[in-house]
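protein_31.cif (mmCIF, C-alpha atoms)
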```cif
data_start
#
loop_
_atom_site.label_atom_id
_atom_site.label_comp_id
_atom_site.auth_asym_id
_atom_site.auth_seq_id
_atom_site.Cartn_x
_atom_site.Cartn_y
_atom_site.Cartn_z
CA MET F 1304 -5.51 24.87 -10.07
CA LYS F 1305 -5.49 25.64 -6.37
CA ILE F 1306 -7.00 23.37 -3.75
CA THR F 1307 -8.18 25.20 -0.64
CA SER F 1308 -10.25 24.45 2.45
CA THR F 1309 -13.33 25.80 0.70
CA GLY F 1310 -12.92 23.90 -2.56
CA ILE F 1311 -11.06 24.13 -5.87
CA GLU F 1312 -10.05 27.30 -7.71
CA PHE F 1313 -8.85 27.85 -11.30
CA ILE F 1314 -7.22 30.93 -12.80
CA ASP F 1315 -7.08 29.60 -16.35
CA PHE F 1316 -10.24 29.03 -18.41
CA ASN F 1317 -8.90 26.13 -20.48
CA GLU F 1318 -7.79 24.28 -17.35
CA PHE F 1319 -11.20 24.90 -15.80
CA LYS F 1320 -12.96 23.67 -18.95
CA ARG F 1321 -10.85 20.49 -19.14
CA PHE F 1322 -11.50 19.78 -15.49
CA ALA F 1323 -15.27 20.26 -15.82
CA THR F 1324 -15.59 18.04 -18.89
CA GLU F 1325 -13.02 15.36 -18.00
CA TYR F 1326 -14.55 14.71 -14.59
CA ASP F 1327 -18.15 14.86 -15.80
CA LEU F 1328 -19.12 17.89 -13.71
CA LEU F 1329 -21.49 19.47 -16.20
CA GLY F 1330 -24.81 20.10 -14.52
CA SER F 1331 -23.78 18.75 -11.12
CA VAL F 1332 -21.72 21.57 -9.57
CA SER F 1333 -21.85 25.35 -9.59
CA LEU F 1334 -19.54 28.31 -9.16
CA SER F 1335 -19.29 29.44 -5.55
CA GLU F 1336 -18.40 33.05 -6.49
CA PRO F 1337 -19.53 35.30 -9.37
CA ILE F 1338 -17.51 35.98 -12.53
CA ILE F 1339 -16.74 39.69 -12.69
CA ASP F 1340 -15.28 41.95 -15.36
CA LYS F 1341 -12.22 44.13 -14.88
CA ASN F 1342 -14.40 46.97 -13.65
CA GLY F 1343 -15.92 44.88 -10.91
CA ASN F 1344 -19.25 44.29 -12.63
CA ILE F 1345 -20.91 40.88 -12.27
CA LEU F 1346 -21.09 39.01 -15.57
CA ILE F 1347 -22.23 35.63 -14.22
CA LYS F 1348 -23.78 35.20 -10.81
CA GLU F 1349 -22.65 32.67 -8.25
CA LYS F 1350 -24.46 29.36 -7.79
CA VAL F 1351 -25.06 29.09 -11.53
CA ALA F 1352 -24.76 25.44 -12.58
CA ILE F 1353 -21.82 24.64 -14.82
CA LYS F 1354 -23.28 23.46 -18.12
CA GLU F 1355 -22.02 23.33 -21.67
CA ASN F 1356 -23.73 26.60 -22.60
CA LEU F 1357 -21.99 28.36 -19.69
CA LEU F 1358 -18.59 27.11 -20.86
CA LYS F 1359 -19.31 28.38 -24.38
CA LYS F 1360 -20.35 31.75 -22.97
CA LEU F 1361 -17.17 32.04 -20.90
CA GLU F 1362 -15.05 31.01 -23.88
CA ALA F 1363 -16.65 33.70 -26.07
CA MET F 1364 -16.11 36.34 -23.39
CA GLU F 1365 -12.51 35.36 -22.63
CA GLY F 1366 -10.38 38.42 -21.94
CA LYS F 1367 -13.33 40.46 -20.72
CA TYR F 1368 -13.41 39.05 -17.19
CA ILE F 1369 -11.08 38.16 -14.36
CA PRO F 1370 -10.27 34.41 -14.78
CA SER F 1371 -11.18 33.13 -11.34
CA PHE F 1372 -13.37 30.02 -11.28
CA LYS F 1373 -14.16 28.70 -7.82
CA LEU F 1374 -15.96 25.47 -7.04
CA GLY F 1375 -17.21 25.23 -3.47
CA MET F 1376 -16.97 21.96 -1.55
CA SER F 1377 -20.53 20.89 -2.18
CA ARG F 1378 -21.86 17.36 -1.82
CA ASP F 1379 -21.72 17.01 -5.59
CA LEU F 1380 -18.06 18.05 -5.76
CA MET F 1381 -17.21 15.73 -2.89
CA ARG F 1382 -19.00 12.89 -4.67
CA MET F 1383 -16.99 13.65 -7.82
CA LEU F 1384 -13.69 13.62 -5.91
CA LYS F 1385 -14.50 10.23 -4.39
CA LEU F 1386 -15.42 8.78 -7.78
CA VAL F 1387 -12.26 10.11 -9.44
CA LEU F 1388 -10.02 8.83 -6.65
CA THR F 1389 -11.73 5.43 -6.67
CA LYS F 1390 -11.31 5.10 -10.42
CA ALA F 1391 -7.62 6.02 -10.15
CA VAL F 1392 -7.05 3.39 -7.45
CA MET F 1393 -8.95 0.73 -9.41
CA THR F 1394 -6.72 1.25 -12.44
CA ARG F 1395 -3.86 -0.18 -10.36
CA ILE F 1396 -5.74 -3.47 -10.11
CA ASN F 1397 -6.40 -3.63 -13.83
CA ASP F 1398 -2.81 -2.74 -14.80
CA LYS F 1399 -1.26 -5.98 -16.08
CA SER F 1400 2.24 -4.64 -15.41
CA ASN F 1401 1.29 -4.40 -11.73
CA GLU F 1402 1.44 -8.19 -11.67
CA PHE F 1403 1.12 -9.17 -8.02
CA ILE F 1404 -1.81 -6.85 -7.26
CA ASN F 1405 -3.48 -7.65 -10.57
CA HIS F 1406 -3.12 -11.35 -9.80
CA LEU F 1407 -4.28 -10.98 -6.20
CA TYR F 1408 -7.58 -9.35 -7.10
CA GLU F 1409 -8.18 -10.89 -10.52
CA GLN F 1410 -8.19 -14.39 -9.02
CA ASN F 1411 -10.87 -13.47 -6.49
CA ALA F 1412 -13.62 -11.78 -8.47
CA GLU F 1413 -16.35 -13.38 -6.37
CA LYS F 1414 -14.99 -11.75 -3.21
CA MET F 1415 -14.28 -8.39 -4.77
CA ALA F 1416 -17.85 -7.29 -5.48
CA SER F 1417 -17.68 -4.76 -2.64
CA LEU F 1418 -14.17 -3.57 -3.49
CA LYS F 1419 -15.23 -0.39 -5.28
CA GLY F 1420 -17.49 0.57 -2.39
CA ILE F 1421 -14.75 -0.01 0.18
CA ILE F 1422 -12.36 2.27 -1.69
CA GLN F 1423 -14.92 4.95 -2.44
CA ASN F 1424 -16.12 5.10 1.18
CA SER F 1425 -12.54 5.33 2.39
CA PHE F 1426 -12.36 8.92 1.16
CA TYR F 1427 -14.99 9.86 3.70
CA SER F 1428 -13.72 13.28 4.77
CA LYS F 1429 -12.91 16.50 2.97
CA PRO F 1430 -9.28 16.69 4.21
CA LEU F 1431 -8.59 13.13 3.05
CA ALA F 1432 -10.24 13.54 -0.36
CA LEU F 1433 -8.59 16.90 -1.07
CA ALA F 1434 -5.12 15.71 -0.04
CA PHE F 1435 -5.23 12.64 -2.30
CA PHE F 1436 -6.84 14.52 -5.15
CA LYS F 1437 -3.92 16.93 -5.02
CA ILE F 1438 -1.45 14.03 -5.07
CA LEU F 1439 -3.28 12.45 -8.01
CA LEU F 1440 -3.14 15.65 -10.05
CA ASN F 1441 0.45 16.59 -9.29
CA GLN F 1442 2.29 13.32 -8.57
CA LYS F 1443 0.67 10.40 -10.40
CA ASP F 1444 3.53 7.95 -9.77
CA PHE F 1445 3.43 8.74 -6.07
CA PHE F 1446 -0.34 8.28 -6.03
CA ASN F 1447 0.14 4.88 -7.69
CA HIS F 1448 2.61 3.83 -5.01
CA LEU F 1449 0.27 4.85 -2.20
CA SER F 1450 -2.61 3.06 -3.94
CA ASP F 1451 -0.55 -0.12 -4.32
CA LEU F 1452 0.33 -0.16 -0.64
CA GLY F 1453 -3.34 0.36 0.22
CA LEU F 1454 -4.47 -2.42 -2.10
CA LEU F 1455 -1.88 -4.83 -0.72
CA SER F 1456 -3.00 -4.10 2.81
CA LEU F 1457 -6.67 -4.51 1.90
CA GLY F 1458 -5.87 -7.63 -0.11
CA SER F 1459 -4.79 -9.52 2.99
CA VAL F 1460 -8.04 -8.94 4.93
CA ILE F 1461 -10.68 -8.94 2.20
CA GLN F 1462 -10.13 -12.66 1.58
CA LYS F 1463 -12.33 -13.67 4.50
CA GLN F 1464 -15.15 -12.30 6.63
CA TYR F 1465 -14.18 -10.50 9.83
CA ASN F 1466 -16.82 -9.52 12.34
CA LEU F 1467 -14.96 -6.28 12.93
CA LYS F 1468 -16.43 -2.93 12.04
CA MET F 1469 -14.49 -0.97 9.41
CA VAL F 1470 -11.62 -3.50 9.24
CA ASN F 1471 -11.55 -3.48 5.41
CA ARG F 1472 -11.68 0.30 5.11
CA TYR F 1473 -9.11 0.82 7.85
CA SER F 1474 -6.73 -1.71 6.32
CA PHE F 1475 -6.91 0.06 2.97
CA LEU F 1476 -6.41 3.48 4.55
CA ALA F 1477 -3.47 2.27 6.65
CA GLY F 1478 -1.64 1.20 3.49
CA LEU F 1479 -2.76 4.26 1.55
CA CYS F 1480 -1.43 6.69 4.16
CA ALA F 1481 1.59 4.81 5.55
CA ASP F 1482 4.00 6.44 3.06
CA ILE F 1483 2.19 9.74 2.55
CA CYS F 1484 5.24 11.75 3.67
CA THR F 1485 7.76 10.02 1.34
CA ASN F 1486 7.39 12.00 -1.89
CA LYS F 1487 10.54 14.08 -1.25
CA ASP F 1488 13.32 13.07 -3.68
CA GLY F 1489 11.39 9.92 -4.55
CA ILE F 1490 12.00 8.36 -1.14
CA TYR F 1491 9.01 6.08 -1.69
CA LYS F 1492 10.91 4.39 -4.54
CA GLN F 1493 13.82 3.51 -2.22
CA SER F 1494 13.98 0.66 0.28
CA LEU F 1495 12.48 1.48 3.65
CA ALA F 1496 13.20 -0.61 6.73
CA GLY F 1497 14.46 -0.25 10.27
CA GLN F 1498 15.26 3.30 11.31
CA SER F 1499 14.36 4.84 7.95
CA LEU F 1500 10.92 3.25 8.02
CA GLY F 1501 10.46 4.29 11.63
CA ARG F 1502 11.12 7.93 10.75
CA THR F 1503 8.79 8.02 7.78
CA ALA F 1504 6.07 6.19 9.69
CA SER F 1505 6.30 8.64 12.56
CA LEU F 1506 5.78 11.62 10.26
CA SER F 1507 2.98 9.83 8.40
CA VAL F 1508 1.20 9.39 11.74
CA GLU F 1509 1.39 13.14 12.36
CA ILE F 1510 0.00 13.85 8.91
CA GLY F 1511 -2.65 11.17 9.42
CA ARG F 1512 -3.94 13.05 12.46
CA LYS F 1513 -4.33 16.16 10.32
CA LEU F 1514 -6.32 14.04 7.86
CA GLU F 1515 -8.57 12.94 10.74
CA LEU F 1516 -7.68 9.25 10.45
CA PRO F 1517 -9.06 6.96 13.19
CA GLU F 1518 -6.71 5.81 15.93
CA GLU F 1519 -6.75 2.19 14.72
CA ILE F 1520 -5.08 3.35 11.50
CA LEU F 1521 -2.61 5.68 13.20
CA SER F 1522 -1.63 2.92 15.63
CA ALA F 1523 -0.98 0.49 12.79
CA ILE F 1524 1.13 2.97 10.80
CA GLY F 1525 3.18 3.86 13.87
CA SER F 1526 3.72 0.23 14.93
CA HIS F 1527 4.35 -1.58 11.64
CA PRO F 1528 8.12 -0.75 11.43
CA ILE F 1529 8.67 -3.32 14.20
CA ALA F 1530 8.23 -6.10 11.64
CA LYS F 1531 11.56 -7.94 11.43
CA PHE F 1532 12.34 -9.07 7.92
CA GLU F 1533 15.27 -8.67 5.58
CA ILE F 1534 15.04 -7.37 2.02
CA PRO F 1535 17.33 -9.10 -0.49
CA GLY F 1536 19.69 -6.76 -2.31
CA ALA F 1537 18.22 -3.66 -0.68
CA VAL F 1538 20.10 -0.44 -0.02
CA ILE F 1539 18.11 1.14 2.78
CA ALA F 1540 17.25 4.82 2.27
CA GLU F 1541 18.90 7.36 4.55
CA ILE F 1542 16.21 9.58 6.05
CA ASN F 1543 16.81 12.95 7.66
CA SER F 1544 13.72 13.62 9.75
CA GLU F 1545 14.00 17.40 9.66
CA GLU F 1546 14.56 17.56 5.91
CA LEU F 1547 11.62 15.24 5.39
CA ARG F 1548 9.42 17.36 7.64
CA SER F 1549 10.43 20.58 5.84
CA HIS F 1550 9.41 19.25 2.42
CA THR F 1551 6.82 21.63 0.94
CA PHE F 1552 3.99 19.15 0.59
CA ASN F 1553 4.57 17.69 4.06
CA GLN F 1554 4.50 21.20 5.50
CA GLU F 1555 1.17 21.84 3.79
CA LEU F 1556 -0.27 18.63 5.19
CA LEU F 1557 1.08 19.27 8.68
CA ALA F 1558 -0.23 22.85 8.67
CA GLY F 1559 -3.63 21.52 7.79
CA SER F 1560 -4.91 25.03 7.04
CA ALA F 1561 -5.82 24.21 3.44
CA LEU F 1562 -7.46 20.95 4.43
CA ASP F 1563 -9.45 21.85 7.53
CA GLY F 1564 -12.49 19.68 7.69
CA ASP F 1565 -15.92 20.03 9.15
CA ALA F 1566 -16.82 17.62 11.91
CA SER F 1567 -20.32 17.36 10.49
CA GLU F 1568 -18.89 15.93 7.27
CA VAL F 1569 -17.22 12.98 8.97
CA ASP F 1570 -19.15 9.72 8.95
CA GLU F 1571 -20.60 8.81 12.31
CA ASP F 1572 -19.01 5.39 11.88
CA GLU F 1573 -15.59 7.02 12.10
CA GLU F 1574 -16.29 8.21 15.64
CA ALA F 1575 -16.81 4.74 17.10
CA GLU F 1576 -14.90 3.60 20.17
CA PHE F 1577 -11.33 2.39 19.57
CA SER F 1578 -11.16 -1.35 18.83
CA GLU F 1579 -8.00 -3.14 19.91
CA GLU F 1580 -8.89 -6.20 17.85
CA THR F 1581 -9.45 -4.14 14.70
CA SER F 1582 -6.18 -2.33 15.33
CA GLU F 1583 -4.29 -5.64 15.52
CA VAL F 1584 -5.73 -6.91 12.23
CA VAL F 1585 -5.01 -3.59 10.50
CA LEU F 1586 -1.44 -3.67 11.82
CA GLU F 1587 -0.94 -7.19 10.49
CA SER F 1588 -2.36 -6.24 7.09
CA LEU F 1589 0.05 -3.31 6.88
CA LYS F 1590 3.03 -5.48 7.86
CA ILE F 1591 2.12 -7.85 5.04
CA ALA F 1592 1.75 -4.98 2.57
CA ARG F 1593 5.13 -3.56 3.60
CA TYR F 1594 6.82 -6.95 3.17
CA VAL F 1595 5.39 -7.36 -0.32
CA ILE F 1596 6.04 -3.86 -1.61
CA GLU F 1597 9.60 -3.65 -0.29
CA ASN F 1598 10.47 -6.94 -1.94
CA LEU F 1599 8.84 -5.81 -5.18
CA LYS F 1600 11.08 -2.72 -5.20
CA VAL F 1601 14.23 -4.86 -5.42
CA THR F 1602 12.94 -7.63 -7.68
CA ALA F 1603 15.01 -7.13 -10.81
CA ASP F 1604 13.71 -10.27 -12.48
CA LYS F 1605 10.06 -9.50 -13.24
CA ASP F 1606 9.42 -12.91 -14.79
CA LYS F 1607 6.93 -14.84 -12.67
CA VAL F 1608 7.25 -12.23 -9.94
CA SER F 1609 3.97 -13.30 -8.31
CA GLU F 1610 5.08 -16.90 -7.84
CA LYS F 1611 8.51 -15.94 -6.54
CA LEU F 1612 7.19 -13.38 -4.09
CA LEU F 1613 4.38 -15.66 -2.97
CA VAL F 1614 6.82 -18.44 -2.12
CA MET F 1615 8.92 -16.02 -0.08
CA PHE F 1616 5.84 -14.69 1.71
CA THR F 1617 4.48 -18.18 2.41
CA TYR F 1618 7.79 -19.28 3.91
CA SER F 1619 7.95 -16.19 6.12
CA ALA F 1620 4.39 -16.78 7.31
CA GLU F 1621 5.16 -20.41 8.13
CA ARG F 1622 8.20 -19.32 10.15
CA GLY F 1623 6.05 -17.01 12.26
CA LEU F 1624 6.77 -13.60 10.74
CA PHE F 1625 3.06 -13.02 10.06
CA ARG F 1626 -0.19 -14.21 11.59
CA LYS F 1627 -1.18 -17.30 9.62
CA ASP F 1628 -4.90 -16.70 10.12
CA ILE F 1629 -4.49 -13.48 8.10
CA ALA F 1630 -1.68 -14.53 5.73
CA ASP F 1631 -3.05 -17.93 4.70
CA PRO F 1632 -6.32 -16.79 3.08
CA MET F 1633 -4.32 -14.36 0.94
CA ILE F 1634 -1.82 -17.07 0.01
CA ASN F 1635 -4.52 -19.64 -0.73
CA CYS F 1636 -6.20 -17.47 -3.34
CA PHE F 1637 -3.25 -18.11 -5.70
CA LYS F 1638 -4.59 -21.53 -6.71
CA GLU F 1639 -2.28 -22.01 -9.70
CA PHE F 1640 0.76 -21.94 -7.40
CA ASP F 1641 -0.53 -24.67 -5.08
CA VAL F 1642 2.39 -27.01 -5.78
CA ALA F 1643 5.07 -24.38 -5.04
CA ILE F 1644 3.19 -23.20 -1.94
CA LYS F 1645 2.76 -26.74 -0.62
CA LYS F 1646 6.48 -27.47 -1.01
CA ILE F 1647 7.68 -24.32 0.72
CA ARG F 1648 5.24 -24.92 3.58
CA LEU F 1649 6.68 -28.42 3.88
CA VAL F 1650 10.22 -27.03 3.99
CA ALA F 1651 9.28 -24.53 6.69
CA SER F 1652 7.51 -27.21 8.76
CA VAL F 1653 10.70 -29.29 8.85
CA GLU F 1654 12.87 -26.28 9.72
CA ASN F 1655 10.45 -25.43 12.54
CA LYS F 1656 11.39 -28.70 14.30
CA CYS F 1657 14.92 -27.39 14.94
CA LYS F 1658 16.12 -27.79 18.56
CA PHE F 1659 17.81 -24.37 18.20
CA PRO F 1660 15.01 -22.23 16.64
CA SER F 1661 15.93 -20.59 13.35
CA SER F 1662 19.20 -22.53 13.00
CA ALA F 1663 17.97 -25.24 10.63
CA TRP F 1664 18.24 -24.02 7.04
CA ALA F 1665 16.94 -25.96 4.06
CA TYR F 1666 19.12 -25.36 1.02
CA PRO F 1667 18.73 -24.27 -1.70
CA LYS F 1668 15.27 -22.68 -1.52
CA PRO F 1669 12.65 -23.15 -2.74
CA LYS F 1670 13.60 -26.60 -4.12
CA SER F 1671 15.49 -27.67 -1.03
CA ALA F 1672 17.34 -30.97 -0.96
CA GLN F 1673 19.65 -30.47 2.06
CA ILE F 1674 19.42 -29.01 5.56
CA LEU F 1675 22.34 -27.38 7.31
CA CYS F 1676 22.81 -25.62 10.64
CA LYS F 1677 23.44 -21.98 9.80
CA ASP F 1678 24.38 -21.15 13.44
CA ARG F 1679 26.86 -24.07 13.62
CA ASN F 1680 25.43 -25.60 16.81
CA TYR F 1681 27.83 -28.57 16.90
CA GLN F 1682 26.52 -29.58 20.33
CA CYS F 1683 23.11 -30.41 18.80
CA PRO F 1684 22.37 -34.18 18.72
CA TRP F 1685 20.98 -33.81 15.18
CA ILE F 1686 24.31 -32.71 13.71
CA VAL F 1687 25.61 -35.24 11.15
CA ASN F 1688 29.35 -35.32 11.78
CA GLY F 1689 31.77 -35.53 8.87
CA TRP F 1690 29.30 -34.29 6.28
CA ASP F 1691 29.75 -30.54 6.46
CA LEU F 1692 28.32 -28.54 3.56
CA LYS F 1693 30.34 -25.84 1.85
CA ILE F 1694 28.38 -22.86 0.50
CA ILE F 1695 30.52 -21.12 -2.10
CA THR F 1696 28.07 -18.56 -3.54
CA ALA F 1697 25.21 -16.52 -2.11
CA GLN F 1698 21.69 -17.42 -3.14
CA ASP F 1699 19.78 -15.23 -5.57
CA PRO F 1700 16.85 -13.11 -4.31
CA PHE F 1701 14.35 -15.88 -5.00
CA GLY F 1702 16.21 -18.22 -2.72
CA TYR F 1703 16.92 -15.55 -0.15
CA ILE F 1704 14.01 -16.19 2.19
CA GLY F 1705 13.86 -15.24 5.84
CA THR F 1706 17.52 -14.58 6.60
CA ALA F 1707 20.97 -14.26 5.06
CA LEU F 1708 23.33 -17.22 4.59
CA SER F 1709 26.98 -16.25 4.31
CA VAL F 1710 29.49 -18.14 2.21
CA GLY F 1711 31.21 -20.76 4.36
CA THR F 1712 31.11 -24.30 5.77
CA TYR F 1713 28.14 -25.52 7.80
CA PRO F 1714 27.32 -28.79 9.60
CA LYS F 1715 24.71 -31.06 8.08
CA CYS F 1716 21.39 -31.58 9.97
CA ALA F 1717 19.65 -34.94 10.40
CA LEU F 1718 16.29 -33.24 9.67
CA GLU F 1719 17.29 -33.65 6.05
CA GLU F 1720 16.05 -37.25 6.16
CA GLU F 1721 12.58 -36.08 7.19
CA LEU F 1722 12.64 -33.45 4.46
CA HIS F 1723 13.44 -36.08 1.83
CA GLU F 1724 10.67 -38.35 3.13
CA LYS F 1725 8.05 -35.59 3.13
CA VAL F 1726 9.05 -34.37 -0.32
CA LYS F 1727 8.82 -37.94 -1.65
CA ILE F 1728 5.34 -38.38 -0.17
CA SER F 1729 4.13 -35.01 -1.47
CA ASP F 1730 5.43 -35.77 -4.97
#
```
Take the structure I supplied and represent it as structure tokens, if you would.
Amino acid sequence: MKITSTGIEFIDFNEFKRFATEYDLLGSVSLSEPIIDKNGNILIKEKVAIKENLLKKLEAMEGKYIPSFKLGMSRDLMRMLKLVLTKAVMTRINDKSNEFINHLYEQNAEKMASLKGIIQNSFYSKPLALAFFKILLNQKDFFNHLSDLGLLSLGSVIQKQYNLKMVNRYSFLAGLCADICTNKDGIYKQSLAGQSLGRTASLSVEIGRKLELPEEILSAIGSHPIAKFEIPGAVIAEINSEELRSHTFNQELLAGSALDGDASEVDEDEEAEFSEETSEVVLESLKIARYVIENLKVTADKDKVSEKLLVMFTYSAERGLFRKDIADPMINCFKEFDVAIKKIRLVASVENKCKFPSSAWAYPKPKSAQILCKDRNYQCPWIVNGWDLKIITAQDPFGYIGTALSVGTYPKCALEEELHEKVKISD
């Protein structure tokens, strides 16, 4: 199969037949060019609808014609591509092994009625639909990763009503396209942060322009590497910008020649004036999606992964890493983890009272019983002299929330008394 700017072309009958039947094309699309024999004579004219009898005829005549089956980019074919892509994305929600995303959407059925429409309408242009259809056919695991990032991004904004045009669609597309350049050597499976994330995001923005993405999305993709969070146990990928750019698929996307769109095919809604407010929400949704997916990559213990990750995310939101007005509705939809969420919010609220911001550290998380000063600010009036705490082993990934804590001796903080009191009241 070959995907071109004019549509889809097959040079093998069996592949063409499988495609037509598997994607329910019979009767809805037609050949854009005639089928000719080896002498140049027309056997089947163009614009003949593809039906079961035509497939049987072609099968009976196999070997007597040049195997070239071209489907033009008609409205029907475009509709089919959108349906296929939507179905493929939706399977990521229904996949029980994809626990966090499955849990996120499964728990909010009443708010997800429009989900299918949001996803389907996201593939609004020919370049976008063709690019992702090609990824789906050739790199299913990569497509799943991009879908997951899109669903995580959408999952943080769909929980409440925003009076912002296109905010749901743009949030989904920002996640979907943020890692579009990372297929080379399975880079998308590695940990991305800091400089490596900056380089991939920069190239994804270039590709996004070729796919005719709105500026709100491009701005979010380009800006989201500024999010400052650590990933427990991560070995950050080393990215060579030139090697990444020279990857075959990235070159195809950057060239854009096989994906050139038609301005008339783009929704009028996509040409609206740039919205700074929408851009900010989309950026925040992508930061949240990045935080979740990067932590999922390094979570070796898959048991209760949703609860563990949710506690980490809640703590980070309480400490100011994410906008609470966007993070909280997503967190609150996990009703069965209310007790764990309440406790970690309590811990963060006590830490936030520190006279030296970010120095107070409740230990061990999430079931904290002590508070120490990780920056050893002995001049602080809340230091409890003579009761230093000795940390002899590093915390596991579940307890590793917000920042690293090295092995060593740390002064005890008087905020511990307030922590004990609040925990007692909450219990």
key: Test item: the PyMOL selection byres ((chain F and resi 1582) around 8) resolved as a PyMOL selection string   = chain F and resi 1519-1520+1522-1523+1578-1581+1583-1586
inquiry  = Which residues, named as in the file, does the PyMOL selection byres ((chain F and resi 1378) around 12) pick out? Answer as JSON, numbers by chain.
reply    = {"F": [1310, 1331, 1332, 1333, 1374, 1375, 1376, 1377, 1379, 1380, 1381, 1382, 1383, 1384, 1385, 1427, 1428, 1429, 1568]}
remark   = Among F:Arg1622, F:His1406, F:Lys1463, F:Lys1373, Lys1638 in chain F is approached most closely, using all atoms listed in the file, by F:His1406
Output the residue selection produced by the PyMOL selection byres ((chain F and resi 1555) around 12) on the file above, formatted as an mmCIF file with C-alpha atoms, in the frame of the given file.
```cif
data_model
loop_
_atom_site.group_PDB
_atom_site.id
_atom_site.type_symbol
_atom_site.label_atom_id
_atom_site.label_comp_id
_atom_site.auth_asym_id
_atom_site.auth_seq_id
_atom_site.Cartn_x
_atom_site.Cartn_y
_atom_site.Cartn_z
ATOM 1 C CA ILE F 1306 -7.000 23.370 -3.750
ATOM 2 C CA THR F 1307 -8.180 25.200 -0.640
ATOM 3 C CA SER F 1308 -10.250 24.450 2.450
ATOM 4 C CA PRO F 1430 -9.280 16.690 4.210
ATOM 5 C CA LEU F 1433 -8.590 16.900 -1.070
ATOM 6 C CA ALA F 1434 -5.120 15.710 -0.040
ATOM 7 C CA LYS F 1437 -3.920 16.930 -5.020
ATOM 8 C CA CYS F 1484 5.240 11.750 3.670
ATOM 9 C CA ILE F 1510 0.000 13.850 8.910
ATOM 10 C CA LYS F 1513 -4.330 16.160 10.320
ATOM 11 C CA LEU F 1514 -6.320 14.040 7.860
ATOM 12 C CA ARG F 1548 9.420 17.360 7.640
ATOM 13 C CA SER F 1549 10.430 20.580 5.840
ATOM 14 C CA HIS F 1550 9.410 19.250 2.420
ATOM 15 C CA THR F 1551 6.820 21.630 0.940
ATOM 16 C CA PHE F 1552 3.990 19.150 0.590
ATOM 17 C CA ASN F 1553 4.570 17.690 4.060
ATOM 18 C CA GLN F 1554 4.500 21.200 5.500
ATOM 19 C CA LEU F 1556 -0.270 18.630 5.190
ATOM 20 C CA LEU F 1557 1.080 19.270 8.680
ATOM 21 C CA ALA F 1558 -0.230 22.850 8.670
ATOM 22 C CA GLY F 1559 -3.630 21.520 7.790
ATOM 23 C CA SER F 1560 -4.910 25.030 7.040
ATOM 24 C CA ALA F 1561 -5.820 24.210 3.440
ATOM 25 C CA LEU F 1562 -7.460 20.950 4.430
ATOM 26 C CA ASP F 1563 -9.450 21.850 7.530
#
```
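The interatomic distance for the pair CA of Asn1471 in chain F and CA of Leu1454 in chain F works out to 10.4 Å.
Of the listed residues (F:Glu1349, F:Asp1451, F:Glu1318, F:Glu1541), F:Asp1451 comes nearest to Glu1597 in chain F; the distances count all atoms listed in the file.
The closest residue to Asp1641 in chain F, picked from F:Ser1417, F:Gln1493, F:Thr1617, F:Asn1401 and counting only C-alpha atoms, is F:Thr1617.
Of note, CA of Ile1695 in chain F and CA of Ser1619 in chain F are spaced 24.5 Å apart.
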